[in-house]
Amino acid sequence: MSGQEIVFTLLGVVTVGSGIMVVTTRRLVHAALWLVLSFGALAGGYLVLTAEFVAWVQVLIYVGAVVVLLLFGIMLTRAPIGDSADLDSGNRWAAAAVAAATAAVLVTVMVMGFRDEKMPLRAGGGSASELGASVFRTWVLPFEVLSVLLLASLVGAIVLSRTDIGPRLPGRRKGDG
């Protein structure tokens, strides 16, 4: 096993471990911070695969924007920040069994499909020119749909957080608080 494979495996373990912590922690802010670690380790994996541009996009967009948007959503909607008993539905063991079965199926399919295949790493595979051509030729529509979805979620969080928006009660004027 080469050094690249060892580092990639360790980053994969960190990504999976922090992803598990995202869904098992009982504190929303801690879940967001575990998500930052998961996205950061994923960016490290992209660096090992010589996709520098994808790694920096991962850091800038997902760590820098999506997690900040998530934290703003938590703050603006006044979600509970501490321990919250109502976040647990009691189906933890059933969810763990489904997750383990899904992981087993995915690992089996990947191992059977790519048993002895090796893909040589070449420098520049994740360059901005190759990715730009791919994004603007093939993935324009999904990219724009995602941007509209993120904008709609931000507007929704702002609307939910505003207390001065709502039905007017009889006898109240516009300036009455």
# chains A, B, ... in the order shown; residues from 1 in each chain; ligands from 1
>>> closest_atom_pairs(of="region 23-103 of chain A", to="region 150-163 of chain A", cutoff="10 Å", atoms="only C-alpha atoms", output="Markdown table")
| residue | atom | partner | partner_atom | distance |
| --- | --- | --- | --- | --- |
| A:Val66 | CA | A:Leu150 | CA | 8.5 |
| A:Leu69 | CA | A:Leu154 | CA | 7.3 |
| A:Leu70 | CA | A:Leu154 | CA | 9.2 |
| A:Phe72 | CA | A:Ala157 | CA | 8.2 |
| A:Gly73 | CA | A:Ala157 | CA | 5.7 |
| A:Ile74 | CA | A:Ala157 | CA | 8.7 |
| A:Met75 | CA | A:Ser161 | CA | 8.8 |
| A:Leu76 | CA | A:Ser161 | CA | 5.2 |
| A:Thr77 | CA | A:Ser161 | CA | 5.2 |
| A:Arg78 | CA | A:Ser161 | CA | 7.6 |
>>> closest_residue(among="A:Phe53, A:Tyr62, A:Trp34, A:Trp93", to="Ser129 (chain A)", atoms="only C-alpha atoms")
A:Phe53
>>> closest_residue(among="A:Leu37, A:Ala51, A:Ile61, A:Gly3", to="Gly19 (chain A)", atoms="only C-alpha atoms")
A:Leu37
>>> atom_distance(atom1="CA of Phe8 (chain A)", atom2="CA of Glu130 (chain A)")
22.8 Å
>>> closest_residue(among="A:Val135, A:Val48, A:Leu141, A:Met112", to="Gln4 (chain A)", atoms="only C-alpha atoms")
A:Val48
>>> atom_distance(atom1="CA of Val105 (chain A)", atom2="CA of Met119 (chain A)")
22.8 Å
>>> closest_residue(among="A:Thr15, A:Ser134, A:Thr24, A:Ser89", to="Phe39 (chain A)", atoms="only C-alpha atoms")
A:Thr15
>>> residues_around(residues="Thr9 (chain A)", least_positions_apart="6", cutoff="12 Å", atoms="only C-alpha atoms", output="list in words")
Met1, Ser2, Gly3, Thr15, Val16, Ala41, Leu42, Gly44, Gly45, Val48 and Leu49 of chain A
